[in-house]
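Novice: What follows is structure-v5.txt; its format and atoms are compact mmCIF, N, CA and C atoms.
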# COMPACT_ATOMS: atom_id res chain seq x y z
N MET M 29 67.14 153.78 98.89
CA MET M 29 66.42 153.93 97.64
C MET M 29 66.30 155.41 97.30
N VAL M 30 66.54 155.73 96.05
CA VAL M 30 66.46 157.11 95.59
C VAL M 30 65.01 157.52 95.43
N SER M 31 64.69 158.70 95.90
CA SER M 31 63.35 159.22 95.78
C SER M 31 63.05 159.59 94.33
N GLU M 32 61.82 159.39 93.90
CA GLU M 32 61.40 159.79 92.56
C GLU M 32 61.03 161.27 92.53
N THR M 33 60.79 161.85 93.71
CA THR M 33 60.51 163.28 93.76
C THR M 33 61.84 164.01 93.84
N TYR M 34 61.84 165.24 93.41
CA TYR M 34 63.07 166.00 93.37
C TYR M 34 62.80 167.48 93.63
N LYS M 35 63.87 168.19 93.92
CA LYS M 35 63.80 169.65 94.00
C LYS M 35 64.74 170.19 92.92
N THR M 36 64.42 171.34 92.40
CA THR M 36 65.26 171.93 91.36
C THR M 36 66.23 172.93 91.98
N ASN M 37 67.34 173.12 91.28
CA ASN M 37 68.39 174.01 91.76
C ASN M 37 69.05 174.65 90.56
N THR M 38 69.27 175.95 90.61
CA THR M 38 70.01 176.67 89.58
C THR M 38 71.13 177.44 90.26
N GLN M 39 72.33 177.29 89.74
CA GLN M 39 73.51 177.97 90.28
C GLN M 39 74.23 178.69 89.15
N SER M 40 74.89 179.79 89.47
CA SER M 40 75.67 180.53 88.49
C SER M 40 76.91 181.09 89.17
N VAL M 41 78.00 181.18 88.41
CA VAL M 41 79.22 181.75 88.94
C VAL M 41 79.87 182.62 87.87
N SER M 42 80.38 183.78 88.29
CA SER M 42 81.24 184.59 87.42
C SER M 42 82.66 184.09 87.65
N VAL M 43 83.25 183.56 86.60
CA VAL M 43 84.53 182.87 86.74
C VAL M 43 85.66 183.88 86.88
N ALA M 44 86.42 183.77 87.97
CA ALA M 44 87.58 184.61 88.22
C ALA M 44 88.87 183.80 88.23
N ALA M 45 88.77 182.51 88.56
CA ALA M 45 89.95 181.66 88.72
C ALA M 45 90.65 181.44 87.38
N THR M 46 91.97 181.46 87.40
CA THR M 46 92.76 181.20 86.20
C THR M 46 93.48 179.86 86.27
N SER M 47 93.22 179.11 87.31
CA SER M 47 93.71 177.73 87.39
C SER M 47 92.60 176.88 87.99
N GLY M 48 92.63 175.58 87.66
CA GLY M 48 91.54 174.71 88.06
C GLY M 48 91.82 173.93 89.32
N GLY M 49 91.21 172.77 89.41
CA GLY M 49 91.34 171.93 90.60
C GLY M 49 90.81 172.65 91.82
N ALA M 50 91.50 172.48 92.93
CA ALA M 50 91.08 173.09 94.19
C ALA M 50 91.13 174.62 94.14
N SER M 51 91.84 175.19 93.15
CA SER M 51 91.93 176.65 93.01
C SER M 51 90.82 177.24 92.15
N GLY M 52 90.03 176.40 91.49
CA GLY M 52 88.97 176.87 90.59
C GLY M 52 87.77 177.39 91.35
N ASN M 53 86.88 178.04 90.59
CA ASN M 53 85.61 178.52 91.15
C ASN M 53 84.60 177.38 91.14
N VAL M 54 84.07 177.06 92.32
CA VAL M 54 83.08 175.99 92.42
C VAL M 54 81.73 176.51 91.95
N LEU M 55 81.22 175.89 90.91
CA LEU M 55 79.89 176.22 90.40
C LEU M 55 78.82 175.52 91.22
N TYR M 56 79.06 174.24 91.55
CA TYR M 56 78.03 173.45 92.21
C TYR M 56 78.67 172.31 92.98
N THR M 57 78.14 172.03 94.16
CA THR M 57 78.50 170.84 94.94
C THR M 57 77.21 170.09 95.25
N CYS M 58 77.16 168.83 94.88
CA CYS M 58 75.99 168.01 95.17
C CYS M 58 75.93 167.79 96.69
N PRO M 59 74.79 168.13 97.32
CA PRO M 59 74.71 168.03 98.78
C PRO M 59 74.70 166.60 99.30
N ASN M 60 75.08 166.45 100.58
CA ASN M 60 74.98 165.15 101.24
C ASN M 60 73.56 164.60 101.11
N ASN M 61 73.47 163.30 100.99
CA ASN M 61 72.20 162.58 100.90
C ASN M 61 71.40 162.89 99.63
N TYR M 62 72.10 163.33 98.58
CA TYR M 62 71.42 163.62 97.32
C TYR M 62 72.21 163.09 96.14
N ASP M 63 71.49 162.76 95.08
CA ASP M 63 72.01 162.54 93.74
C ASP M 63 71.46 163.68 92.91
N ALA M 64 72.21 164.12 91.91
CA ALA M 64 71.75 165.24 91.08
C ALA M 64 71.88 164.88 89.61
N THR M 65 70.92 165.33 88.85
CA THR M 65 70.98 165.25 87.39
C THR M 65 71.11 166.68 86.88
N ILE M 66 72.21 166.95 86.18
CA ILE M 66 72.45 168.26 85.59
C ILE M 66 71.74 168.27 84.24
N ASP M 67 70.75 169.14 84.11
CA ASP M 67 69.96 169.23 82.89
C ASP M 67 70.47 170.30 81.94
N MET M 68 71.11 171.34 82.47
CA MET M 68 71.57 172.44 81.65
C MET M 68 72.90 172.94 82.21
N LEU M 69 73.86 173.16 81.32
CA LEU M 69 75.15 173.72 81.69
C LEU M 69 75.55 174.68 80.58
N MET M 70 75.49 175.99 80.87
CA MET M 70 75.66 177.02 79.86
C MET M 70 76.83 177.94 80.24
N VAL M 71 77.68 178.23 79.25
CA VAL M 71 78.80 179.14 79.41
C VAL M 71 78.53 180.38 78.56
N THR M 72 78.71 181.56 79.12
CA THR M 72 78.59 182.79 78.33
C THR M 72 79.88 183.58 78.43
N ASN M 73 80.33 184.08 77.29
CA ASN M 73 81.51 184.94 77.23
C ASN M 73 81.01 186.35 76.96
N GLY M 74 81.06 187.20 77.98
CA GLY M 74 80.58 188.57 77.85
C GLY M 74 81.60 189.53 77.29
N GLY M 75 82.80 189.03 76.98
CA GLY M 75 83.85 189.89 76.45
C GLY M 75 83.74 190.06 74.94
N ASN M 76 84.64 190.87 74.40
CA ASN M 76 84.64 191.15 72.97
C ASN M 76 85.37 190.11 72.14
N SER M 77 86.28 189.38 72.73
CA SER M 77 87.11 188.46 71.95
C SER M 77 86.96 187.02 72.44
N SER M 78 87.40 186.09 71.61
CA SER M 78 87.39 184.68 71.99
C SER M 78 88.33 184.45 73.17
N GLN M 79 87.87 183.65 74.12
CA GLN M 79 88.67 183.28 75.28
C GLN M 79 88.41 181.81 75.58
N LYS M 80 89.25 181.23 76.44
CA LYS M 80 89.15 179.80 76.74
C LYS M 80 88.67 179.57 78.17
N ILE M 81 87.84 178.53 78.31
CA ILE M 81 87.30 178.16 79.62
C ILE M 81 87.48 176.66 79.83
N THR M 82 87.66 176.29 81.09
CA THR M 82 87.75 174.88 81.48
C THR M 82 86.72 174.61 82.56
N ILE M 83 86.02 173.48 82.42
CA ILE M 83 85.09 173.01 83.46
C ILE M 83 85.53 171.61 83.84
N GLU M 84 85.73 171.42 85.14
CA GLU M 84 86.16 170.12 85.66
C GLU M 84 85.06 169.51 86.52
N PHE M 85 85.06 168.20 86.55
CA PHE M 85 84.17 167.42 87.40
C PHE M 85 85.04 166.85 88.51
N TYR M 86 84.71 167.17 89.76
CA TYR M 86 85.40 166.60 90.92
C TYR M 86 84.60 165.39 91.37
N HIS M 87 85.24 164.23 91.35
CA HIS M 87 84.58 162.98 91.76
C HIS M 87 84.94 162.70 93.21
N ALA M 88 83.98 162.86 94.11
CA ALA M 88 84.23 162.73 95.55
C ALA M 88 84.68 161.33 95.94
N ASP M 89 84.20 160.30 95.21
CA ASP M 89 84.55 158.93 95.57
C ASP M 89 86.05 158.67 95.52
N ASP M 90 86.74 159.26 94.54
CA ASP M 90 88.19 159.05 94.45
C ASP M 90 88.99 160.34 94.58
N THR M 91 88.33 161.43 95.02
CA THR M 91 88.95 162.74 95.25
C THR M 91 89.82 163.19 94.08
N THR M 92 89.30 163.02 92.86
CA THR M 92 90.05 163.35 91.66
C THR M 92 89.26 164.33 90.79
N TYR M 93 89.99 165.30 90.20
CA TYR M 93 89.40 166.23 89.24
C TYR M 93 89.57 165.65 87.84
N HIS M 94 88.50 165.73 87.05
CA HIS M 94 88.52 165.25 85.67
C HIS M 94 88.06 166.39 84.76
N ASN M 95 88.77 166.60 83.65
CA ASN M 95 88.35 167.64 82.71
C ASN M 95 87.05 167.25 82.04
N PHE M 96 86.11 168.16 82.07
CA PHE M 96 84.84 167.96 81.37
C PHE M 96 84.93 168.66 80.01
N ILE M 97 85.31 169.94 80.04
CA ILE M 97 85.77 170.63 78.83
C ILE M 97 87.07 171.32 79.23
N GLU M 98 88.05 171.26 78.35
CA GLU M 98 89.37 171.80 78.68
C GLU M 98 89.78 172.85 77.68
N ALA M 99 90.04 174.07 78.19
CA ALA M 99 90.51 175.19 77.38
C ALA M 99 89.68 175.33 76.11
N LYS M 100 88.35 175.29 76.27
CA LYS M 100 87.42 175.43 75.15
C LYS M 100 87.31 176.89 74.76
N SER M 101 87.59 177.20 73.50
CA SER M 101 87.49 178.56 73.02
C SER M 101 86.03 178.93 72.78
N VAL M 102 85.62 180.06 73.34
CA VAL M 102 84.25 180.56 73.18
C VAL M 102 84.36 181.97 72.62
N ALA M 103 83.71 182.22 71.49
CA ALA M 103 83.76 183.54 70.86
C ALA M 103 83.13 184.59 71.76
N GLY M 104 83.58 185.83 71.60
CA GLY M 104 83.04 186.94 72.38
C GLY M 104 81.56 187.13 72.16
N HIS M 105 80.86 187.51 73.21
CA HIS M 105 79.42 187.79 73.19
C HIS M 105 78.61 186.61 72.65
N THR M 106 79.02 185.39 73.02
CA THR M 106 78.26 184.20 72.63
C THR M 106 78.09 183.30 73.84
N ALA M 107 77.24 182.29 73.65
CA ALA M 107 76.99 181.30 74.70
C ALA M 107 77.30 179.91 74.14
N LEU M 108 77.69 179.02 75.02
CA LEU M 108 77.99 177.63 74.67
C LEU M 108 77.12 176.73 75.54
N ASN M 109 76.30 175.90 74.92
CA ASN M 109 75.51 174.91 75.63
C ASN M 109 76.39 173.66 75.76
N VAL M 110 76.95 173.44 76.92
CA VAL M 110 77.94 172.40 77.12
C VAL M 110 77.35 171.00 76.98
N LEU M 111 76.16 170.78 77.47
CA LEU M 111 75.59 169.43 77.49
C LEU M 111 74.76 169.09 76.26
N ASP M 112 74.33 170.07 75.47
CA ASP M 112 73.38 169.83 74.38
C ASP M 112 72.20 169.04 74.93
N ALA M 113 71.90 167.88 74.38
CA ALA M 113 70.76 167.10 74.86
C ALA M 113 71.16 166.07 75.92
N ALA M 114 72.45 166.00 76.25
CA ALA M 114 72.93 165.03 77.24
C ALA M 114 72.57 165.47 78.65
N ARG M 115 72.74 164.57 79.60
CA ARG M 115 72.55 164.85 81.03
C ARG M 115 73.81 164.38 81.75
N MET M 116 74.06 164.95 82.91
CA MET M 116 75.20 164.55 83.73
C MET M 116 74.67 164.22 85.11
N HIS M 117 75.18 163.14 85.71
CA HIS M 117 74.72 162.69 87.03
C HIS M 117 75.85 162.85 88.04
N LEU M 118 75.53 163.49 89.15
CA LEU M 118 76.48 163.69 90.24
C LEU M 118 75.93 163.05 91.51
N HIS M 119 76.85 162.73 92.42
CA HIS M 119 76.49 162.16 93.70
C HIS M 119 77.02 163.05 94.82
N ALA M 120 76.61 162.78 96.04
CA ALA M 120 76.99 163.61 97.19
C ALA M 120 78.48 163.91 97.19
N GLY M 121 78.81 165.19 97.29
CA GLY M 121 80.20 165.63 97.35
C GLY M 121 80.84 165.91 96.00
N ASP M 122 80.25 165.43 94.91
CA ASP M 122 80.78 165.73 93.57
C ASP M 122 80.60 167.21 93.29
N LYS M 123 81.50 167.77 92.47
CA LYS M 123 81.48 169.21 92.18
C LYS M 123 81.69 169.48 90.69
N LEU M 124 81.25 170.65 90.26
CA LEU M 124 81.63 171.23 88.99
C LEU M 124 82.45 172.47 89.30
N VAL M 125 83.65 172.54 88.72
CA VAL M 125 84.63 173.59 89.03
C VAL M 125 85.05 174.26 87.72
N CYS M 126 85.15 175.59 87.74
CA CYS M 126 85.44 176.36 86.52
C CYS M 126 86.71 177.20 86.66
N SER M 127 87.40 177.37 85.53
CA SER M 127 88.53 178.30 85.45
C SER M 127 88.62 178.81 84.02
N LYS M 128 89.40 179.87 83.82
CA LYS M 128 89.48 180.50 82.51
C LYS M 128 90.91 180.92 82.21
N ASP M 129 91.19 181.13 80.93
CA ASP M 129 92.48 181.69 80.54
C ASP M 129 92.44 183.21 80.57
N GLY M 130 91.26 183.78 80.41
CA GLY M 130 91.07 185.23 80.41
C GLY M 130 89.63 185.52 80.09
N GLY M 131 89.30 186.79 79.94
CA GLY M 131 87.96 187.16 79.51
C GLY M 131 86.96 187.27 80.65
N THR M 132 85.69 187.34 80.25
CA THR M 132 84.58 187.56 81.17
C THR M 132 83.58 186.43 80.98
N PHE M 133 83.67 185.41 81.81
CA PHE M 133 82.80 184.23 81.68
C PHE M 133 81.85 184.12 82.86
N ASP M 134 80.62 183.73 82.54
CA ASP M 134 79.65 183.28 83.53
C ASP M 134 79.27 181.85 83.15
N VAL M 135 79.10 181.00 84.15
CA VAL M 135 78.67 179.62 83.91
C VAL M 135 77.43 179.39 84.77
N THR M 136 76.40 178.83 84.15
CA THR M 136 75.13 178.59 84.83
C THR M 136 74.72 177.14 84.62
N MET M 137 74.19 176.54 85.67
CA MET M 137 73.70 175.16 85.57
C MET M 137 72.35 175.05 86.26
N SER M 138 71.59 174.05 85.81
CA SER M 138 70.31 173.75 86.42
C SER M 138 70.28 172.25 86.68
N SER M 139 69.76 171.87 87.84
CA SER M 139 69.77 170.44 88.20
C SER M 139 68.47 170.05 88.89
N LYS M 140 68.28 168.74 88.92
CA LYS M 140 67.26 168.11 89.75
C LYS M 140 68.00 167.34 90.83
N GLU M 141 67.63 167.57 92.08
CA GLU M 141 68.27 166.87 93.20
C GLU M 141 67.29 165.88 93.80
N PHE M 142 67.74 164.63 93.87
CA PHE M 142 66.93 163.53 94.36
C PHE M 142 67.46 163.07 95.72
N TYR M 143 66.60 163.03 96.71
CA TYR M 143 67.00 162.58 98.03
C TYR M 143 67.39 161.11 97.99
N ASN M 144 68.57 160.82 98.55
CA ASN M 144 69.07 159.44 98.63
C ASN M 144 69.80 159.29 99.97
N PRO M 145 69.15 158.73 100.98
CA PRO M 145 69.74 158.67 102.33
C PRO M 145 71.03 157.86 102.41
N THR M 146 71.35 157.08 101.40
CA THR M 146 72.58 156.29 101.43
C THR M 146 73.78 157.05 100.89
N ARG M 147 73.57 158.25 100.31
CA ARG M 147 74.67 159.03 99.73
C ARG M 147 75.21 160.02 100.77
N ILE M 148 76.44 159.80 101.17
CA ILE M 148 77.12 160.70 102.09
C ILE M 148 78.49 160.98 101.51
N ALA M 149 78.85 162.25 101.44
CA ALA M 149 80.15 162.62 100.87
C ALA M 149 81.28 162.20 101.77
Since I need it in another form, could you write the structure as structure tokens?

Specialist:
Amino acid sequence: MVSETYKTNTQSVSVAATSGGASGNVLYTCPNNYDATIDMLMVTNGGNSSQKITIEFYHADDTTYHNFIEAKSVAGHTALNVLDAARMHLHAGDKLVCSKDGGTFDVTMSSKEFYNPTRIA
């Protein structure tokens, strides 16, 4: 049974990877024995010009990467709220992975992690 209590977690990564999948920069990995609700996922482009970013969801159950946003153009010196009012749910071993075509990107996420003893990656 999933606990109703949770702990909060905020992670950030400066994206350096120019290819995704296993070569991408891991923003977040849901820990063993936890489920996570991603409440905020923000991309910032600190450069002067528009550049493209990709965020993938790694699904541990089937060991597959899925595009969450793919080659999304973000104008220079702006931020993109990826989730808007939506939420994303991850399970033990699931990941968020980032890559870019160029530029200066930071990606930040905030989550609630719920203890679930039946979740093992």

Novice: To one decimal place, how far is atom CA of Thr146 of chain M from atom CA of Thr65 of chain M in Å?

Specialist: 16.7 Å

Novice: Restricting the calculation to all atoms listed in the file, which member of M:Thr33, M:Ser51, M:Asn73, M:Asn61 is positioned closest to Thr106 of chain M?

Specialist: M:Asn73

Novice: Write out as a list in words each polymer residue whose atoms come within 7 Å of Tyr93 of chain M, counting only N, CA and C atoms; drop sequence neighbours fewer than 4 positions from it.

Specialist: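 My reading of the contact set: Gly49, Glu84, Phe85, Tyr86 and His87 of chain M.
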
Novice: Just give me the gap between atom CA of Gly48 of chain M and atom CA of Ser138 of chain M in Å, one decimal is fine.

Specialist: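 The value is 21.3 Å.
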
Novice: State, in Å with one decimal place, the distance from atom CA of Ala44 of chain M to atom C of Leu124 of chain M.

Specialist: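 Those two atoms sit 13.2 Å apart.
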
Novice: Smallest atom-to-atom distance to Lys35 of chain M: which of M:Asn144, M:Asn53, M:Ser77, M:Ser139, using all atoms listed in the file?

Specialist: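 Nearest to Lys35 of chain M: M:Ser139.
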
Novice: Find the residue from M:Asn37, M:Thr92, M:Ser127, M:Ser101 that sits nearest to Val54 of chain M; use only N, CA and C atoms when measuring.

Specialist: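 The shortest atom-to-atom distance to Val54 of chain M comes from M:Ser127.
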
Novice: Which residue, M:Gly130, M:Ile66, M:Lys140, M:Gly121, has the smallest gap to Gln79 of chain M when you use only N, CA and C atoms?

Specialist: M:Gly130

Novice: For Asp134 of chain M, which of M:Asn60, M:Thr91, M:Thr36, M:Ser42 is the closest residue, counting all atoms listed in the file?

Specialist: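 For Asp134 of chain M, the nearest of the given residues is M:Ser42.
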
Novice: Would you please extract all strand (DSSP E) residues from segment 39-148 of chain M, as assigned by DSSP on the backbone, and give them as number ranges by chain?

Specialist: M: 39-43, 53-57, 62-73, 79-87, 92-102, 106-109, 116-119, 123-128, 133-143

Novice: With distances taken over only N, CA and C atoms, which of M:Leu69, M:Ala114, M:Leu55, M:Leu108 is nearest to Ser40 of chain M?

Specialist: M:Leu55

Novice: Put a box with edges along x, y and z around all the listed atoms of segment 117-134 of chain M, pad it by 8 Å on each side, then give me its centre and sizes in Å, one decimal, as JSON.

Specialist:
{"center_x": 83.6, "center_y": 174.9, "center_z": 88.4, "size_x": 33.8, "size_y": 41.4, "size_z": 33.8}

Novice: Using only N, CA and C atoms, determine which residues lie at most 6 Å from Tyr56 of chain M, disregarding the query and same-chain residues fewer than 3 positions distant; provide the list as a short mmCIF file (atom, residue, chain, number, x, y, z; two decimals) with N, CA and C atoms, in the frame of the given file.

Specialist:
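Just written: out04.cif:
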data_model
loop_
_atom_site.label_atom_id
_atom_site.label_comp_id
_atom_site.auth_asym_id
_atom_site.auth_seq_id
_atom_site.Cartn_x
_atom_site.Cartn_y
_atom_site.Cartn_z
N ASP M 122 80.25 165.43 94.91
CA ASP M 122 80.78 165.73 93.57
C ASP M 122 80.60 167.21 93.29
N LYS M 123 81.50 167.77 92.47
CA LYS M 123 81.48 169.21 92.18
C LYS M 123 81.69 169.48 90.69
N LEU M 124 81.25 170.65 90.26
CA LEU M 124 81.63 171.23 88.99
C LEU M 124 82.45 172.47 89.30
N VAL M 125 83.65 172.54 88.72
CA VAL M 125 84.63 173.59 89.03
C VAL M 125 85.05 174.26 87.72
#

Novice: May I have the residues within 8 Å of Lys128 of chain M as number ranges by chain, using all atoms listed in the file and disregarding those fewer than 3 positions away in the same chain?

Specialist: M: 43-48, 52-53, 79-83, 99, 131, 133

Novice: Any chance you can output those residues with N, CA and C atoms as a compact mmCIF listing (two decimals), keeping the file's coordinate frame?

Specialist:
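Everything below was put into out.txt:
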# COMPACT_ATOMS: atom_id res chain seq x y z
N VAL M 43 83.25 183.56 86.60
CA VAL M 43 84.53 182.87 86.74
C VAL M 43 85.66 183.88 86.88
N ALA M 44 86.42 183.77 87.97
CA ALA M 44 87.58 184.61 88.22
C ALA M 44 88.87 183.80 88.23
N ALA M 45 88.77 182.51 88.56
CA ALA M 45 89.95 181.66 88.72
C ALA M 45 90.65 181.44 87.38
N THR M 46 91.97 181.46 87.40
CA THR M 46 92.76 181.20 86.20
C THR M 46 93.48 179.86 86.27
N SER M 47 93.22 179.11 87.31
CA SER M 47 93.71 177.73 87.39
C SER M 47 92.60 176.88 87.99
N GLY M 48 92.63 175.58 87.66
CA GLY M 48 91.54 174.71 88.06
C GLY M 48 91.82 173.93 89.32
N GLY M 52 90.03 176.40 91.49
CA GLY M 52 88.97 176.87 90.59
C GLY M 52 87.77 177.39 91.35
N ASN M 53 86.88 178.04 90.59
CA ASN M 53 85.61 178.52 91.15
C ASN M 53 84.60 177.38 91.14
N GLN M 79 87.87 183.65 74.12
CA GLN M 79 88.67 183.28 75.28
C GLN M 79 88.41 181.81 75.58
N LYS M 80 89.25 181.23 76.44
CA LYS M 80 89.15 179.80 76.74
C LYS M 80 88.67 179.57 78.17
N ILE M 81 87.84 178.53 78.31
CA ILE M 81 87.30 178.16 79.62
C ILE M 81 87.48 176.66 79.83
N THR M 82 87.66 176.29 81.09
CA THR M 82 87.75 174.88 81.48
C THR M 82 86.72 174.61 82.56
N ILE M 83 86.02 173.48 82.42
CA ILE M 83 85.09 173.01 83.46
C ILE M 83 85.53 171.61 83.84
N ALA M 99 90.04 174.07 78.19
CA ALA M 99 90.51 175.19 77.38
C ALA M 99 89.68 175.33 76.11
N GLY M 131 89.30 186.79 79.94
CA GLY M 131 87.96 187.16 79.51
C GLY M 131 86.96 187.27 80.65
N PHE M 133 83.67 185.41 81.81
CA PHE M 133 82.80 184.23 81.68
C PHE M 133 81.85 184.12 82.86
